[in-house]
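Remarks on the structure that follows.
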Amino acid sequence: MTNTFGGKPHVLILGGGSVGMTTASELRKTLGAEVAITVVDPRPYMTYAPFLPEVGAGSIDPRNVLAPLRKILTGTKVVTGSVAAIRSAEHTVVVDTEEGEQLDISYDYLVVGLGAVPRLLPIPGLAENAIGFKQVEEAAAVRDRILANLAEAATTKDPKLRKRLLTFTFIGGGFAGGEAVSEAEDMVRDALRYYPDLHASDIRFVLVDGAPFIFPELTEDQRAYVLNRLRERGIEVKLETFLNSAENGVIKTSDGDEFETDLLVWNAGVKPNPVLFDEETSDLPIVTERGPLMGKVQVLPDLRVNGEDGPFDDVFAAGDCAAVPDLASGEGKFCPPNAQHAVRQAKRLADNIARSVQGRPLVDYYHKNLGVFATLGMYKGVGRLMLGEKELDIRGLPAWAMARSYHLYAMPTLGRKVSVAAGWVGNLVSRRDIIGIPQAETPRAAFELAASSGKKK
C-alpha cells in the first residue's frame with residue numbers, strides 16, 4: 001500500500017501502548033495538522049498495565065483499564081494489525097491486518113514502541129497449562145478462574161479435586177508477579193465469607209522465583225518486609241527455586257516439591273517483540289549480548305536508533321523494546337522497563353520528532369526516578385518515594401493510597417479515571433464482586449448445547 005499525505009511528513013508508530021499512544025497524542029498537540037500519524041497495534045486500545053493486578057483481584061472492571069486509541073487519538077489513523085517486517089532501508093513496514101490483508105506502509109519517521117512479550121522457557125507443560133499476566137484478557141481470566149474454582153470446590157465431595165481447585169501457583173516474584181499473587185490472595189480471603197464450606201486453611205497460594213528475593217526494585221529492608229507479610233498471610237514463597245515441570249497441571253519444582261494446581265500464572269520475565277531480533281523481519285540494530293537488554297533496539301540518549309554507521313535520523317525507539325541510556329543514574333546504566341519511564345520517553349520522543357521536522361536540535365532524555373510503589377491487596381502496600389537526595393520508605397495504608405493515587409493520575413482520559421474511582425467507591429460500599437465467568441472464554445457453549453439437544457428430538 002502506497003501512502004500519500006499531501007506533502008506532510010508521515011509518522012508511523014509501531015505499538016499502541018504507553019509509548020505509542022503518548023507519542024501520537026503529544027505529536028498532535030505540538031504539530032497539529034502539520035504531520036500525518038499512523039498507529040499500528042494488534043489491539044485497538046492501550047492497556048494500563050499497572051492496574052492489571054487489581055483487575056485480577058476484581059477491584060477494577062477490565063474495561064476501565066483500557067484507553068480506546070481511536071477515541072483518544074482523533075485525526076490519527078489506527079491500523080489494527082501486527083508488524084510482520086521492518087525495512088528501514090526502504091522506509092517501509094509490512095503489517096498483517098486482522099482481516100488477513102498485508103499492507104506495506106511507508107513513512108518519513110518511524111517510532112518503535114512494540115513493548116515486550118512473555119519470555120517462555122522450554123519447561124514441560126508450561127505452554128499448554130500456564131497463562132500470562134500482561135494483557136487485560138489474561139488478568140480477567142485469572143480472576144474468573146479463581147472465583148469459579150471457589151464455587152466448584154464448595155460443592156465437590158472429591159477431596160483430591162477440591163485440593164487441586166484451591167491451589168493457585170504464580171511463577172515470578174517481580175512487581176507483576178508479586179502484586180498479582182498478593183491481590184489474588186486478598187480477593188480470595190475477602191470472598192471466603194460467602195463460602196461457609198470453605199476455610200482459609202483450604203486455600204494454597206504458591207509463589208516461585210529463582211532469585212534469592214522478590215520485588216527486586218525495592219530496598220533489601222523492604223523486600224524482607226514484603227516477604228514476611230506474604231508468608232504471614234499464608235502465601236508460600238519459594239525463593240531460589242525453579243519450575244521443572246507443569247505437565248497435566250502437576251507442578252514439580254527444583255526444591256523437590258510436587259503438587260497439583262488448577263491455575264498456573266507465568267510472570268517470569270519478558271523479552272522484546274520477536275519481530276525485532278529476527279534478521280528476516282527487521283533490519284534495526286539490537287543488543288546481541290546476553291543479559292536483560294538482549295534483543296532490545298539500540299538507541300542514543302535522544303532516542304534515535306543507533307547503528308554501527310551512526311544514528312538513524314528518521315527512526316526512534318522507546319519503552320520496553322529499547323535500550324535507553326539512563327543519564328540520571330550514571331554512565332552504563334539503562335532505564336528500567338516501567339510505565340513511568342515509557343510515558344516520559346514518549347513525550348521526549350515526540351518533542352524530538354517535532355524538532356527534527358522543524359530543523360531544531362534534538363534533546364537527550366533525562367528523568368530521575370520518582371520512586372516505586374506496589375499494592376499488596378486492599379489497604380496494603382510498600383514503596384520508595386524519592387524527594388531530591390532523600391528517599392522515604394513508605395509501607396502499609398499510606399503506600400497503598402499513594403500507589404492508587406499515582407496510577408489514577410497516570411490513567412489516560414478523564415472518563416476512565418472517573419470509572420476506576422467510582423468502582424473503588426462501589427467496592428467500599430458493597431465489597432468486591434465474587435462472580436467468576438469462565439464461560440466468557442466459550443460464549444457459544446450454551447447455544448451449541450441447545451442446538452445439539454434440538455437435533456436429538
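Chains: A, B, ... in order of the C-alpha cells. Residues: from 1 per chain. Ligands: from 1, in order shown.
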
Polymer residues at most 10 Å from stretch 73-79 of chain A, only C-alpha atoms, same-chain spacing of 2 or more positions, as an MDAnalysis selection string: chainID A and resid 12:14 16 21:22 24:26 28 32:33 35:45 68:71 81:82 95:98 103

Residues near stretch 233-240 of chain A, cut-off 6 Å, only C-alpha atoms, skip fewer than 4 positions along chain, as a PyMOL selection string: chain A and resi 205-212

Those residues you just picked out, can you put them in a file as a PDB file, in the first residue's frame with N, CA, C and O atoms?
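result.pdb, freshly written:
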ATOM      1  N   PHE A 205      -1.809 -20.712  48.086  1.00  0.00           N
ATOM      2  CA  PHE A 205      -1.168 -19.856  47.097  1.00  0.00           C
ATOM      3  C   PHE A 205       0.336 -20.108  47.149  1.00  0.00           C
ATOM      4  O   PHE A 205       0.934 -20.101  48.235  1.00  0.00           O
ATOM      5  N   VAL A 206       0.936 -20.330  45.978  1.00  0.00           N
ATOM      6  CA  VAL A 206       2.374 -20.603  45.901  1.00  0.00           C
ATOM      7  C   VAL A 206       3.019 -19.605  44.936  1.00  0.00           C
ATOM      8  O   VAL A 206       2.549 -19.428  43.805  1.00  0.00           O
ATOM      9  N   LEU A 207       4.079 -18.949  45.395  1.00  0.00           N
ATOM     10  CA  LEU A 207       4.845 -18.026  44.564  1.00  0.00           C
ATOM     11  C   LEU A 207       6.265 -18.571  44.425  1.00  0.00           C
ATOM     12  O   LEU A 207       6.951 -18.786  45.423  1.00  0.00           O
ATOM     13  N   VAL A 208       6.692 -18.801  43.186  1.00  0.00           N
ATOM     14  CA  VAL A 208       8.001 -19.403  42.918  1.00  0.00           C
ATOM     15  C   VAL A 208       8.881 -18.402  42.174  1.00  0.00           C
ATOM     16  O   VAL A 208       8.456 -17.809  41.182  1.00  0.00           O
ATOM     17  N   ASP A 209      10.122 -18.246  42.641  1.00  0.00           N
ATOM     18  CA  ASP A 209      11.058 -17.354  41.956  1.00  0.00           C
ATOM     19  C   ASP A 209      12.478 -17.899  42.099  1.00  0.00           C
ATOM     20  O   ASP A 209      12.864 -18.384  43.173  1.00  0.00           O
ATOM     21  N   GLY A 210      13.243 -17.792  41.008  1.00  0.00           N
ATOM     22  CA  GLY A 210      14.603 -18.316  41.020  1.00  0.00           C
ATOM     23  C   GLY A 210      15.596 -17.421  41.731  1.00  0.00           C
ATOM     24  O   GLY A 210      16.710 -17.858  42.058  1.00  0.00           O
ATOM     25  N   ALA A 211      15.244 -16.176  41.985  1.00  0.00           N
ATOM     26  CA  ALA A 211      16.147 -15.247  42.664  1.00  0.00           C
ATOM     27  C   ALA A 211      16.086 -15.461  44.174  1.00  0.00           C
ATOM     28  O   ALA A 211      15.145 -16.068  44.701  1.00  0.00           O
ATOM     29  N   PRO A 212      17.065 -14.929  44.907  1.00  0.00           N
ATOM     30  CA  PRO A 212      17.051 -15.063  46.373  1.00  0.00           C
ATOM     31  C   PRO A 212      16.137 -14.066  47.059  1.00  0.00           C
ATOM     32  O   PRO A 212      16.089 -13.997  48.281  1.00  0.00           O
TER      33      PRO A 212
END

DSSP helix (DSSP H, G or I) residues within stretch 194-349 of chain A, listed as a ChimeraX atom specification: /A:194,200-202,220-232,247-249,274-277,319-321,339-349

Distance query A:Gly381 at most 12 Å, only C-alpha atoms, self and fewer than 5 positions along chain excluded, as JSON, numbers by chain: {"A": [175, 178, 179, 182, 183, 218, 222, 223, 225, 226, 229, 230, 372, 373, 374, 375, 376, 393, 394, 395, 396, 397, 398, 399, 400, 401, 402, 403, 404]}

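Here atom CA of A:Ala346 is placed at a distance of 9.5 Å from atom CA of A:Val111.
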
Minimum-distance residue to A:Gly115, chosen among A:Ser329, A:Ser245, A:Gln298, A:Asn338 (using only C-alpha atoms):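 Closest to A:Gly115 of all the choices is A:Asn338.
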
Gap from atom CA of A:Gly172 to atom CA of A:Gly56 - Å, one decimal: 15.9 Å

Using only C-alpha atoms: which of A:Leu166, A:Val93, A:Val420, A:Ala322 has the shortest distance to A:Phe51: A:Val420

Pick from A:Ala151, A:Arg162, A:Asp326, A:Leu370, whichever lies nearest to A:Gln340 using only C-alpha atoms: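 Nearest to A:Gln340: A:Leu370.
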
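Between A:Phe277 and the candidates A:Ala85, A:Ala451, A:Ala191, A:Val181, the tightest atom-to-atom separation, counting only C-alpha atoms, involves A:Ala85.
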
For A:Cys321, the nearest of the candidates A:Ile86, A:Ala116, A:Ile72, A:Ala154, counting only C-alpha atoms: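 Residue with the minimum atom-to-atom distance to A:Cys321: A:Ala116.
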
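Our summary of the geometry notes that atom CA of A:Tyr406 is positioned 10.4 Å from atom CA of A:Pro50.
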
All strand (DSSP E) residues (DSSP, backbone) inside stretch 302-352 of chain A, as number ranges by chain: A: 304-307, 310-317, 322-323

Residue among A:Leu293, A:Ala410, A:Val315, A:Ala139 lying closest to A:His91, counting only C-alpha atoms: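 Nearest candidate to A:His91 out of A:Leu293, A:Ala410, A:Val315, A:Ala139: A:Val315.
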